>>> print(open('structure37.csv').read())   # CSV, C-alpha atoms
chain,number,residue,atom,x,y,z
Z,1,MET,CA,128.2,149.3,37.8
Z,2,LYS,CA,127.1,152.9,37.5
Z,3,LYS,CA,130.0,153.6,35.1
Z,4,ASN,CA,128.9,150.6,33.0
Z,5,CYS,CA,125.3,151.8,33.2
Z,6,LEU,CA,126.2,155.3,32.0
Z,7,ALA,CA,128.3,153.9,29.2
Z,8,ALA,CA,125.3,151.8,28.1
Z,9,ILE,CA,123.0,154.8,28.2
Z,10,MET,CA,125.4,157.0,26.3
Z,11,ALA,CA,125.8,154.3,23.7
Z,12,ALA,CA,122.0,154.1,23.4
Z,13,VAL,CA,121.9,157.9,23.0
Z,14,MET,CA,124.3,157.7,20.1
Z,15,MET,CA,122.3,154.9,18.5
Z,16,THR,CA,119.1,156.9,18.8
Z,17,LEU,CA,120.8,160.0,17.4
Z,18,ALA,CA,122.2,158.0,14.5
Z,19,GLY,CA,118.8,156.7,13.6
Z,20,CYS,CA,117.1,160.1,13.8
Z,21,SER,CA,119.6,162.6,12.5
Z,22,GLY,CA,121.5,160.8,9.8
Z,23,MET,CA,124.9,160.7,11.3
Z,24,PRO,CA,127.7,160.1,8.8
Z,25,GLY,CA,128.8,156.5,8.6
Z,26,MET,CA,125.4,155.2,9.7
Z,27,GLY,CA,123.9,154.7,6.2
Z,28,ASN,CA,122.1,158.0,6.1
Z,29,ALA,CA,123.1,161.3,4.6
Z,30,PRO,CA,124.1,164.0,7.1
Z,31,ALA,CA,121.3,166.3,7.9
Z,32,PRO,CA,121.5,169.8,6.2
Z,33,ALA,CA,122.7,172.5,8.5
Z,34,ALA,CA,119.4,174.3,8.3
Z,35,ASP,CA,117.5,171.3,9.6
Z,36,LYS,CA,116.3,171.0,13.2
Z,37,GLU,CA,119.0,170.1,15.7
Z,38,GLU,CA,118.6,167.1,17.9
Z,39,ASN,CA,119.9,166.9,21.4
Z,40,ALA,CA,119.7,163.9,23.6
Z,41,GLY,CA,121.1,165.7,26.7
Z,42,GLY,CA,119.3,167.5,29.4
Z,43,ASN,CA,118.8,170.9,27.9
Z,44,GLY,CA,117.3,169.9,24.5
Z,45,ALA,CA,119.3,172.0,22.0
Z,46,ASP,CA,121.9,174.7,21.5
Z,47,ALA,CA,121.1,178.1,22.6
Z,48,GLY,CA,121.2,179.4,19.0
Z,49,ASN,CA,118.0,177.6,18.1
Z,50,SER,CA,114.5,178.8,18.8
Z,51,GLY,CA,112.4,176.8,21.2
Z,52,GLU,CA,110.2,175.5,18.3
Z,53,ASP,CA,113.2,174.1,16.5
Z,54,LYS,CA,114.6,172.0,19.3
Z,55,VAL,CA,114.1,168.3,19.2
Z,56,TYR,CA,114.2,166.4,22.5
Z,57,GLU,CA,115.1,162.8,23.1
Z,58,LEU,CA,113.8,160.4,25.8
Z,59,MET,CA,114.7,156.8,26.3
Z,60,ILE,CA,112.3,154.5,28.1
Z,61,HIS,CA,114.1,151.8,30.1
Z,62,THR,CA,112.5,148.5,31.3
Z,63,SER,CA,114.0,145.3,32.5
Z,64,GLN,CA,111.1,143.4,30.9
Z,65,THR,CA,111.6,141.7,27.6
Z,66,GLU,CA,110.5,143.1,24.3
Z,67,GLN,CA,107.6,140.7,24.1
Z,68,ALA,CA,106.3,141.6,27.6
Z,69,LEU,CA,103.0,143.5,27.7
Z,70,ILE,CA,104.3,146.4,29.8
Z,71,THR,CA,107.1,146.9,27.1
Z,72,ARG,CA,104.5,146.9,24.3
Z,73,ASN,CA,102.4,149.4,26.3
Z,74,TYR,CA,105.4,151.7,26.6
Z,75,GLN,CA,105.9,151.4,22.8
Z,76,LYS,CA,102.3,152.6,22.4
Z,77,LEU,CA,103.2,155.6,24.6
Z,78,ALA,CA,106.4,156.3,22.5
Z,79,ASP,CA,104.4,156.1,19.3
Z,80,ALA,CA,101.7,158.4,20.6
Z,81,VAL,CA,104.1,161.0,21.9
Z,82,ASN,CA,106.2,161.0,18.7
Z,83,GLU,CA,103.1,161.6,16.7
Z,84,LYS,CA,101.4,164.2,19.0
Z,85,SER,CA,104.6,166.2,19.4
Z,86,GLY,CA,105.2,166.3,15.6
Z,87,GLY,CA,108.7,164.9,16.2
Z,88,ARG,CA,109.7,167.6,18.7
Z,89,LEU,CA,109.9,164.9,21.4
Z,90,HIS,CA,111.3,161.7,20.2
Z,91,VAL,CA,110.8,158.7,22.5
Z,92,LYS,CA,112.4,155.2,22.1
Z,93,VAL,CA,111.9,152.1,24.2
Z,94,PHE,CA,114.9,150.0,25.4
Z,95,PRO,CA,113.7,146.7,26.8
Z,96,ALA,CA,115.5,143.8,28.5
Z,97,GLY,CA,117.7,145.9,30.7
Z,98,GLN,CA,119.7,147.2,27.8
Z,99,LEU,CA,120.6,150.4,29.7
Z,100,GLY,CA,121.7,148.6,32.9
Z,101,ALA,CA,120.2,147.7,36.2
Z,102,ASP,CA,117.0,149.5,37.2
Z,103,GLU,CA,118.6,151.1,40.3
Z,104,ASP,CA,121.6,152.4,38.3
Z,105,VAL,CA,119.4,153.8,35.5
Z,106,ILE,CA,117.2,155.6,38.1
Z,107,GLU,CA,120.3,157.2,39.5
Z,108,GLN,CA,121.4,158.4,36.0
Z,109,ALA,CA,117.9,159.8,35.5
Z,110,ILE,CA,118.2,161.7,38.8
Z,111,GLN,CA,121.5,163.1,37.6
Z,112,GLY,CA,119.8,164.5,34.4
Z,113,VAL,CA,120.2,161.8,31.8
Z,114,ASN,CA,117.3,161.8,29.4
Z,115,VAL,CA,115.9,158.4,30.4
Z,116,ALA,CA,112.6,157.3,31.9
Z,117,VAL,CA,112.4,154.1,34.0
Z,118,ASN,CA,109.6,151.6,34.5
Z,119,THR,CA,109.1,151.1,38.3
Z,120,ASP,CA,106.8,150.0,41.0
Z,121,ALA,CA,105.6,151.3,44.3
Z,122,ALA,CA,107.9,149.2,46.4
Z,123,ARG,CA,111.0,150.8,44.7
Z,124,MET,CA,109.6,154.3,45.1
Z,125,GLY,CA,109.1,153.4,48.8
Z,126,GLN,CA,112.8,153.4,49.1
Z,127,TYR,CA,112.7,157.2,48.6
Z,128,VAL,CA,109.3,158.0,50.1
Z,129,LYS,CA,108.4,155.3,52.7
Z,130,ASP,CA,104.6,155.8,52.5
Z,131,PHE,CA,104.6,155.0,48.8
Z,132,SER,CA,105.3,151.4,49.7
Z,133,ILE,CA,101.7,151.0,50.9
Z,134,PHE,CA,100.7,150.7,47.3
Z,135,MET,CA,102.4,147.2,47.3
Z,136,MET,CA,100.9,146.0,50.5
Z,137,ALA,CA,98.7,142.9,50.2
Z,138,TYR,CA,95.0,143.8,49.6
Z,139,PHE,CA,95.6,147.5,49.8
Z,140,VAL,CA,93.4,147.9,46.7
Z,141,ASP,CA,91.1,145.3,45.2
Z,142,ASP,CA,91.5,146.1,41.5
Z,143,TYR,CA,92.9,148.6,38.9
Z,144,GLU,CA,90.0,151.1,39.3
Z,145,GLU,CA,90.8,151.5,43.0
Z,146,GLY,CA,94.5,151.8,42.2
Z,147,TYR,CA,93.8,154.5,39.7
Z,148,LYS,CA,91.7,156.4,42.3
Z,149,VAL,CA,94.7,156.4,44.7
Z,150,THR,CA,96.9,158.0,42.0
Z,151,GLN,CA,94.4,160.8,41.8
Z,152,SER,CA,94.3,161.4,45.6
Z,153,GLU,CA,95.7,164.3,47.6
Z,154,THR,CA,98.0,161.9,49.5
Z,155,PHE,CA,99.5,160.6,46.2
Z,156,ARG,CA,100.1,164.2,45.1
Z,157,LYS,CA,102.1,164.7,48.3
Z,158,TRP,CA,104.2,161.7,47.5
Z,159,GLU,CA,104.9,163.1,44.0
Z,160,GLN,CA,105.9,166.4,45.5
Z,161,GLU,CA,108.3,164.8,48.0
Z,162,LEU,CA,109.9,162.7,45.2
Z,163,GLU,CA,110.5,165.8,43.2
Z,164,GLU,CA,111.7,168.2,45.9
Z,165,LYS,CA,113.8,165.8,47.9
Z,166,HIS,CA,115.0,163.2,45.4
Z,167,GLY,CA,114.8,164.8,42.0
Z,168,ILE,CA,112.3,162.2,40.6
Z,169,LYS,CA,109.4,163.1,38.4
Z,170,ILE,CA,106.5,160.7,38.1
Z,171,LEU,CA,105.2,160.9,34.5
Z,172,SER,CA,102.4,158.4,35.2
Z,173,PHE,CA,101.5,155.7,37.7
Z,174,THR,CA,98.5,154.5,35.8
Z,175,PHE,CA,100.1,151.6,34.0
Z,176,TYR,CA,99.1,148.1,35.2
Z,177,ASP,CA,100.5,144.6,35.0
Z,178,GLY,CA,97.6,142.7,36.7
Z,179,PRO,CA,96.9,140.9,40.0
Z,180,ARG,CA,99.5,138.5,41.4
Z,181,HIS,CA,98.6,134.9,42.3
Z,182,PHE,CA,100.4,131.9,43.8
Z,183,MET,CA,102.0,129.4,41.5
Z,184,THR,CA,102.8,126.1,43.4
Z,185,ASN,CA,102.5,122.4,43.2
Z,186,LYS,CA,99.6,122.2,45.6
Z,187,ALA,CA,96.4,124.1,46.0
Z,188,VAL,CA,96.5,127.1,48.3
Z,189,ASN,CA,93.0,127.5,49.6
Z,190,THR,CA,93.8,128.9,53.0
Z,191,PRO,CA,96.8,130.6,54.6
Z,192,GLU,CA,97.5,127.3,56.4
Z,193,ASP,CA,98.3,125.8,53.0
Z,194,LEU,CA,101.2,128.2,52.6
Z,195,LYS,CA,103.0,127.1,55.7
Z,196,GLY,CA,106.5,125.7,55.0
Z,197,LEU,CA,106.4,126.8,51.4
Z,198,ARG,CA,109.4,128.8,50.2
Z,199,ILE,CA,107.8,131.4,47.8
Z,200,ARG,CA,109.7,133.8,45.6
Z,201,THR,CA,108.5,137.4,45.9
Z,202,ILE,CA,109.6,140.9,45.4
Z,203,GLY,CA,112.5,141.6,47.9
Z,204,GLN,CA,110.8,144.6,49.6
Z,205,GLU,CA,109.6,144.7,53.2
Z,206,VAL,CA,105.9,145.3,52.3
Z,207,CYS,CA,106.0,142.2,50.1
Z,208,THR,CA,108.0,139.9,52.4
Z,209,GLU,CA,106.0,140.8,55.5
Z,210,SER,CA,102.7,140.3,53.6
Z,211,LEU,CA,103.7,136.8,52.5
Z,212,THR,CA,105.0,135.9,56.0
Z,213,ALA,CA,101.7,137.0,57.5
Z,214,MET,CA,99.9,134.8,55.0
Z,215,GLY,CA,102.0,131.8,56.1
Z,216,ALA,CA,104.7,131.5,53.4
Z,217,THR,CA,108.4,131.8,53.7
Z,218,PRO,CA,109.3,134.6,51.3
Z,219,VAL,CA,112.4,134.2,49.2
Z,220,SER,CA,114.0,137.0,47.1
Z,221,MET,CA,115.6,136.0,43.9
Z,222,SER,CA,115.8,137.4,40.3
Z,223,TRP,CA,112.8,136.5,38.2
Z,224,GLY,CA,115.1,134.9,35.6
Z,225,GLU,CA,116.1,132.3,38.3
Z,226,VAL,CA,112.6,131.3,39.4
Z,227,TYR,CA,111.9,128.6,36.8
Z,228,ASN,CA,115.1,126.7,37.7
Z,229,GLY,CA,114.6,127.5,41.4
Z,230,ILE,CA,111.3,125.7,41.4
Z,231,GLN,CA,112.5,122.9,39.1
Z,232,SER,CA,115.5,122.2,41.5
Z,233,LYS,CA,113.2,122.6,44.6
Z,234,ALA,CA,115.2,125.5,45.9
Z,235,ILE,CA,111.8,127.1,46.2
Z,236,GLU,CA,108.3,125.6,46.2
Z,237,GLY,CA,106.7,128.3,44.1
Z,238,CYS,CA,106.3,132.0,43.4
Z,239,GLU,CA,103.7,134.7,43.3
Z,240,ALA,CA,103.4,136.8,40.2
Z,241,GLN,CA,101.0,138.1,37.5
Z,242,ASN,CA,99.8,136.0,34.5
Z,243,THR,CA,101.5,138.4,32.1
Z,244,SER,CA,104.8,137.1,33.6
Z,245,THR,CA,104.1,133.6,34.6
Z,246,PHE,CA,102.8,132.6,31.2
Z,247,PRO,CA,105.7,133.9,29.0
Z,248,SER,CA,108.2,132.6,31.5
Z,249,ARG,CA,106.5,129.1,31.3
Z,250,ILE,CA,106.2,128.8,35.1
Z,251,TYR,CA,103.2,126.5,34.5
Z,252,GLU,CA,105.7,123.8,33.3
Z,253,VAL,CA,107.2,123.5,36.8
Z,254,CYS,CA,104.1,124.4,38.9
Z,255,ASN,CA,100.8,122.5,38.4
Z,256,THR,CA,98.5,124.8,40.3
Z,257,GLN,CA,97.6,128.5,40.4
Z,258,SER,CA,95.7,129.8,43.4
Z,259,LYS,CA,94.0,133.1,42.5
Z,260,THR,CA,94.5,135.1,45.6
Z,261,GLY,CA,95.1,138.5,43.8
Z,262,HIS,CA,97.0,139.7,46.9
Z,263,PHE,CA,99.0,142.4,45.1
Z,264,GLN,CA,97.6,144.6,42.4
Z,265,LEU,CA,100.7,145.5,40.3
Z,266,MET,CA,100.4,149.2,39.5
Z,267,GLN,CA,103.4,150.4,37.4
Z,268,GLY,CA,104.9,153.8,37.1
Z,269,LEU,CA,107.1,155.6,34.6
Z,270,ILE,CA,109.6,158.1,36.2
Z,271,CYS,CA,112.3,160.4,34.9
Z,272,GLY,CA,114.6,162.9,36.4
Z,273,LYS,CA,113.1,166.2,37.4
Z,274,ALA,CA,116.1,168.1,36.0
Z,275,TRP,CA,115.6,166.7,32.5
Z,276,PHE,CA,111.8,167.1,32.7
Z,277,ASP,CA,112.2,170.8,33.7
Z,278,SER,CA,114.4,171.3,30.6
Z,279,LEU,CA,111.4,170.6,28.4
Z,280,PRO,CA,109.1,173.4,27.1
Z,281,GLU,CA,105.9,173.6,29.1
Z,282,GLU,CA,103.8,172.3,26.2
Z,283,LEU,CA,105.9,169.2,25.9
Z,284,GLN,CA,105.9,168.6,29.6
Z,285,THR,CA,102.1,168.7,29.5
Z,286,LEU,CA,101.9,166.5,26.4
Z,287,LEU,CA,104.2,163.9,27.9
Z,288,VAL,CA,102.4,163.6,31.3
Z,289,GLU,CA,98.9,163.6,29.8
Z,290,THR,CA,99.7,161.0,27.2
Z,291,ALA,CA,101.5,158.8,29.7
Z,292,VAL,CA,98.4,158.9,32.0
Z,293,GLU,CA,96.1,158.3,29.1
Z,294,ILE,CA,98.0,155.4,27.6
Z,295,GLY,CA,98.3,153.8,31.1
Z,296,GLN,CA,94.6,153.8,31.5
Z,297,GLU,CA,93.9,152.5,28.0
Z,298,THR,CA,96.3,149.6,28.3
Z,299,ALA,CA,95.0,148.5,31.7
Z,300,ALA,CA,92.1,146.8,29.8
Z,301,ASP,CA,94.6,145.1,27.5
Z,302,VAL,CA,96.4,143.7,30.6
Z,303,LEU,CA,93.3,142.2,32.0
Z,304,ALA,CA,92.3,140.6,28.7
Z,305,GLU,CA,95.8,139.2,28.2
Z,306,ALA,CA,95.9,137.9,31.7
Z,307,ASP,CA,92.7,136.0,31.1
Z,308,GLU,CA,94.0,134.6,27.9
Z,309,ALA,CA,97.2,133.6,29.6
Z,310,GLU,CA,95.3,131.8,32.3
Z,311,LYS,CA,93.3,129.9,29.6
Z,312,GLN,CA,96.4,128.8,27.7
Z,313,MET,CA,98.1,127.7,31.0
Z,314,ALA,CA,95.0,125.7,31.9
Z,315,ASP,CA,95.0,124.1,28.4
Z,316,ALA,CA,98.6,123.1,29.1
Z,317,GLY,CA,97.5,121.3,32.3
Z,318,LEU,CA,97.6,123.9,35.0
Z,319,THR,CA,94.9,123.6,37.7
Z,320,VAL,CA,93.4,126.9,38.6
Z,321,VAL,CA,91.7,127.3,41.9
Z,322,GLU,CA,89.8,130.3,43.4
Z,323,PRO,CA,90.1,130.3,47.1
Z,324,ASP,CA,88.0,132.5,49.5
Z,325,ILE,CA,90.4,135.5,49.9
Z,326,GLY,CA,88.7,136.6,53.2
Z,327,PRO,CA,91.2,134.6,55.4
Z,328,PHE,CA,94.1,135.9,53.5
Z,329,LYS,CA,93.0,139.5,54.0
Z,330,GLU,CA,92.5,138.8,57.7
Z,331,ALA,CA,96.0,137.3,57.9
Z,332,VAL,CA,97.7,140.4,56.5
Z,333,GLU,CA,95.7,143.0,58.5
Z,334,PRO,CA,98.2,143.1,61.4
Z,335,VAL,CA,101.0,144.0,59.0
Z,336,TYR,CA,99.5,147.4,58.3
Z,337,GLU,CA,100.0,148.3,62.0
Z,338,LYS,CA,103.3,146.6,62.2
Z,339,LEU,CA,104.8,148.7,59.4
Z,340,GLY,CA,103.0,151.9,60.5
Z,341,PHE,CA,100.5,152.0,57.6
Z,342,LEU,CA,97.2,151.7,59.4
Z,343,GLU,CA,96.4,155.4,59.7
Z,344,LEU,CA,97.7,156.1,56.2
Z,345,ARG,CA,95.5,153.4,54.7
Z,346,ASN,CA,92.4,154.8,56.5
Z,347,GLN,CA,93.3,158.3,55.3
Z,348,ILE,CA,93.6,157.2,51.7
Z,349,TYR,CA,90.5,155.1,51.8
Z,350,LYS,CA,88.6,158.2,53.0
Z,351,GLU,CA,90.0,160.2,50.1
Z,352,ILE,CA,89.0,157.6,47.5
Z,353,GLY,CA,85.6,156.9,49.1
Z,354,LYS,CA,86.3,153.3,50.1
Z,355,GLN,CA,84.7,152.0,53.2
>>> encode(input="structure37.csv", output="structure tokens")
Amino acid sequence: MKKNCLAAIMAAVMMTLAGCSGMPGMGNAPAPAADKEENAGGNGADAGNSGEDKVYELMIHTSQTEQALITRNYQKLADAVNEKSGGRLHVKVFPAGQLGADEDVIEQAIQGVNVAVNTDAARMGQYVKDFSIFMMAYFVDDYEEGYKVTQSETFRKWEQELEEKHGIKILSFTFYDGPRHFMTNKAVNTPEDLKGLRIRTIGQEVCTESLTAMGATPVSMSWGEVYNGIQSKAIEGCEAQNTSTFPSRIYEVCNTQSKTGHFQLMQGLICGKAWFDSLPEELQTLLVETAVEIGQETAADVLAEADEAEKQMADAGLTVVEPDIGPFKEAVEPVYEKLGFLELRNQIYKEIGKQ
């Protein structure tokens, strides 16, 4: 799998170079020898070029489709960096898992390949356990609280550990894909209503334990199998954000959405520290600052699109209910202690000023 992933990445590198530097046989004239050299590898350019002449390449990988909002947001980031860097840092987005499975692409990034990967807190928790708390049910109530966590001292320590122990550089964790709700064929007004329901969720302990505490039976399966899984009654529903359930047409096999907002899906963009360190300092700063800035800007887009998606699903016949989330919060409270996150949560709440 990793060999196939590397082959896909290298093929993408060649495609990117072909489009940018006019490789012979690709429909463009070869670049004059005096032009800037481009290098898609870890060190940017040949030693004979001055730092100002080097052109660096970065591929952004996501398993989401080209139409997905998070992919479009990464395209905004690519466009902004390409413009601000004056072409010295060329960023291209590769959606729909073109470069391989997320885990394999992350490994390639760690090894120094010039690729950045869309990720979430649960996956980063596989490297730094405490990071997983970000995907615990009701850890934060909205994007603003999630953003404050990314600015906290504790988050900085997670970043440092990822860099020093695992070779992972967080470019930004300020991207957002919205709150996650239950999609079923019955209203979920209390945790009792989830009992006996097989619900698809993210296959990470923080997610499965949270759903179990709320009364559901968590099931891990790929998102692409969820529609058929519900249709065939292999599962009774799923929990996800509107920006995924609407384009995936889950409302065709589920007649009810229960707006519990149990997970706030903060998204991150990571790359390998080795590749990041190969960039000139001014490009490092530009890339990180722009990634954080675009993440914040597009959060508002996410909320607007999530609301519009809800409206369109309702117009198509989906019943939307808004239960009292108090009992759901109470149900997951013991999970914080069970997974060893209670003190950590209290510490972070103190740092962000949440009572």
>>> closest_atom_pairs(input="structure37.csv", of="segment 144-244 of chain Z", to="segment 298-311 of chain Z", cutoff="10 Å", atoms="only C-alpha atoms", output="JSON lines")
{"residue": "Z:Glu144", "atom": "CA", "partner": "Z:Ala299", "partner_atom": "CA", "distance": 9.5}
{"residue": "Z:Thr174", "atom": "CA", "partner": "Z:Ala299", "partner_atom": "CA", "distance": 8.1}
{"residue": "Z:Phe175", "atom": "CA", "partner": "Z:Ala299", "partner_atom": "CA", "distance": 6.4}
{"residue": "Z:Tyr176", "atom": "CA", "partner": "Z:Ala299", "partner_atom": "CA", "distance": 5.4}
{"residue": "Z:Asp177", "atom": "CA", "partner": "Z:Val302", "partner_atom": "CA", "distance": 6.1}
{"residue": "Z:Gly178", "atom": "CA", "partner": "Z:Val302", "partner_atom": "CA", "distance": 6.3}
{"residue": "Z:Pro179", "atom": "CA", "partner": "Z:Leu303", "partner_atom": "CA", "distance": 8.9}
{"residue": "Z:Gln241", "atom": "CA", "partner": "Z:Ala306", "partner_atom": "CA", "distance": 7.7}
{"residue": "Z:Asn242", "atom": "CA", "partner": "Z:Ala306", "partner_atom": "CA", "distance": 5.2}
{"residue": "Z:Thr243", "atom": "CA", "partner": "Z:Ala306", "partner_atom": "CA", "distance": 5.6}
{"residue": "Z:Ser244", "atom": "CA", "partner": "Z:Ala306", "partner_atom": "CA", "distance": 9.1}
>>> write_last_selection(input="structure37.csv", atoms="C-alpha atoms", output="PDB file, keeping the file's coordinate frame")
ATOM      1  CA  GLU Z 144      90.000 151.100  39.300  1.00  0.00           C
ATOM      2  CA  THR Z 174      98.500 154.500  35.800  1.00  0.00           C
ATOM      3  CA  PHE Z 175     100.100 151.600  34.000  1.00  0.00           C
ATOM      4  CA  TYR Z 176      99.100 148.100  35.200  1.00  0.00           C
ATOM      5  CA  ASP Z 177     100.500 144.600  35.000  1.00  0.00           C
ATOM      6  CA  GLY Z 178      97.600 142.700  36.700  1.00  0.00           C
ATOM      7  CA  PRO Z 179      96.900 140.900  40.000  1.00  0.00           C
ATOM      8  CA  GLN Z 241     101.000 138.100  37.500  1.00  0.00           C
ATOM      9  CA  ASN Z 242      99.800 136.000  34.500  1.00  0.00           C
ATOM     10  CA  THR Z 243     101.500 138.400  32.100  1.00  0.00           C
ATOM     11  CA  SER Z 244     104.800 137.100  33.600  1.00  0.00           C
TER      12      SER Z 244
END
>>> closest_residue(input="structure37.csv", among="Z:Tyr349, Z:Phe173, Z:Phe246, Z:Tyr251", to="Asn185 of chain Z", atoms="all atoms listed in the file")
Z:Tyr251
>>> closest_residue(input="structure37.csv", among="Z:Val332, Z:Thr290, Z:Thr260, Z:Leu265", to="Val81 of chain Z", atoms="only C-alpha atoms")
Z:Thr290
>>> closest_residue(input="structure37.csv", among="Z:Glu209, Z:Glu66, Z:Gln126, Z:Ala216", to="Ala96 of chain Z", atoms="only C-alpha atoms")
Z:Glu66
>>> closest_residue(input="structure37.csv", among="Z:Met59, Z:Ile170, Z:Leu211, Z:Cys238", to="Phe182 of chain Z", atoms="only C-alpha atoms")
Z:Cys238
>>> atom_distance(input="structure37.csv", atom1="atom CA of Glu164 of chain Z", atom2="atom CA of Met124 of chain Z")
14.1 Å
>>> atom_distance(input="structure37.csv", atom1="atom CA of Ala187 of chain Z", atom2="atom CA of Glu252 of chain Z")
15.7 Å
>>> atom_distance(input="structure37.csv", atom1="atom CA of Lys54 of chain Z", atom2="atom CA of Lys273 of chain Z")
19.1 Å
>>> closest_residue(input="structure37.csv", among="Z:Met214, Z:Met183, Z:Ile202, Z:Val320", to="Arg123 of chain Z", atoms="all atoms listed in the file")
Z:Ile202
>>> build_atoms(input="structure37.csv", residues="segment 133-139 of chain Z", atoms="all heavy atoms", output="short mmCIF file (atom, residue, chain, number, x, y, z; two decimals), keeping the file's coordinate frame")
data_model
loop_
_atom_site.label_atom_id
_atom_site.label_comp_id
_atom_site.auth_asym_id
_atom_site.auth_seq_id
_atom_site.Cartn_x
_atom_site.Cartn_y
_atom_site.Cartn_z
N ILE Z 133 103.00 151.53 50.62
CA ILE Z 133 101.70 151.00 50.90
C ILE Z 133 100.99 150.47 49.70
O ILE Z 133 100.16 149.57 49.76
CB ILE Z 133 100.82 152.00 51.71
CG1 ILE Z 133 99.63 151.28 52.36
CG2 ILE Z 133 100.36 153.12 50.78
CD1 ILE Z 133 98.78 152.18 53.24
N PHE Z 134 101.33 151.05 48.55
CA PHE Z 134 100.70 150.70 47.30
C PHE Z 134 100.99 149.18 46.96
O PHE Z 134 100.26 148.57 46.18
CB PHE Z 134 101.25 151.54 46.15
CG PHE Z 134 100.19 152.11 45.26
CD1 PHE Z 134 100.29 153.40 44.79
CD2 PHE Z 134 99.08 151.37 44.88
CE1 PHE Z 134 99.32 153.94 43.96
CE2 PHE Z 134 98.11 151.89 44.05
CZ PHE Z 134 98.23 153.18 43.59
N MET Z 135 102.07 148.63 47.55
CA MET Z 135 102.40 147.20 47.30
C MET Z 135 102.07 146.33 48.49
O MET Z 135 102.50 145.18 48.54
CB MET Z 135 103.87 147.08 46.94
CG MET Z 135 104.18 147.36 45.47
SD MET Z 135 103.39 146.21 44.31
CE MET Z 135 104.32 144.71 44.64
N MET Z 136 101.32 146.84 49.45
CA MET Z 136 100.90 146.00 50.50
C MET Z 136 99.75 145.07 50.05
O MET Z 136 98.94 145.45 49.19
CB MET Z 136 100.33 146.86 51.69
CG MET Z 136 101.41 147.40 52.61
SD MET Z 136 102.11 146.13 53.69
CE MET Z 136 100.68 145.72 54.68
N ALA Z 137 99.71 143.87 50.61
CA ALA Z 137 98.70 142.90 50.20
C ALA Z 137 97.28 143.47 50.48
O ALA Z 137 97.02 143.99 51.57
CB ALA Z 137 98.87 141.59 50.94
N TYR Z 138 96.43 143.40 49.47
CA TYR Z 138 95.00 143.80 49.60
C TYR Z 138 94.82 145.26 49.90
O TYR Z 138 93.77 145.63 50.44
CB TYR Z 138 94.28 142.87 50.54
CG TYR Z 138 94.34 141.42 50.13
CD1 TYR Z 138 95.09 140.51 50.86
CD2 TYR Z 138 93.68 140.97 48.99
CE1 TYR Z 138 95.18 139.17 50.46
CE2 TYR Z 138 93.76 139.63 48.59
CZ TYR Z 138 94.51 138.75 49.33
OH TYR Z 138 94.60 137.43 48.94
N PHE Z 139 95.79 146.09 49.57
CA PHE Z 139 95.60 147.50 49.80
C PHE Z 139 94.48 148.03 48.86
O PHE Z 139 93.61 148.80 49.27
CB PHE Z 139 96.90 148.28 49.50
CG PHE Z 139 96.76 149.77 49.48
CD1 PHE Z 139 96.27 150.45 50.59
CD2 PHE Z 139 97.12 150.50 48.35
CE1 PHE Z 139 96.12 151.84 50.58
CE2 PHE Z 139 96.99 151.89 48.34
CZ PHE Z 139 96.49 152.56 49.44
#
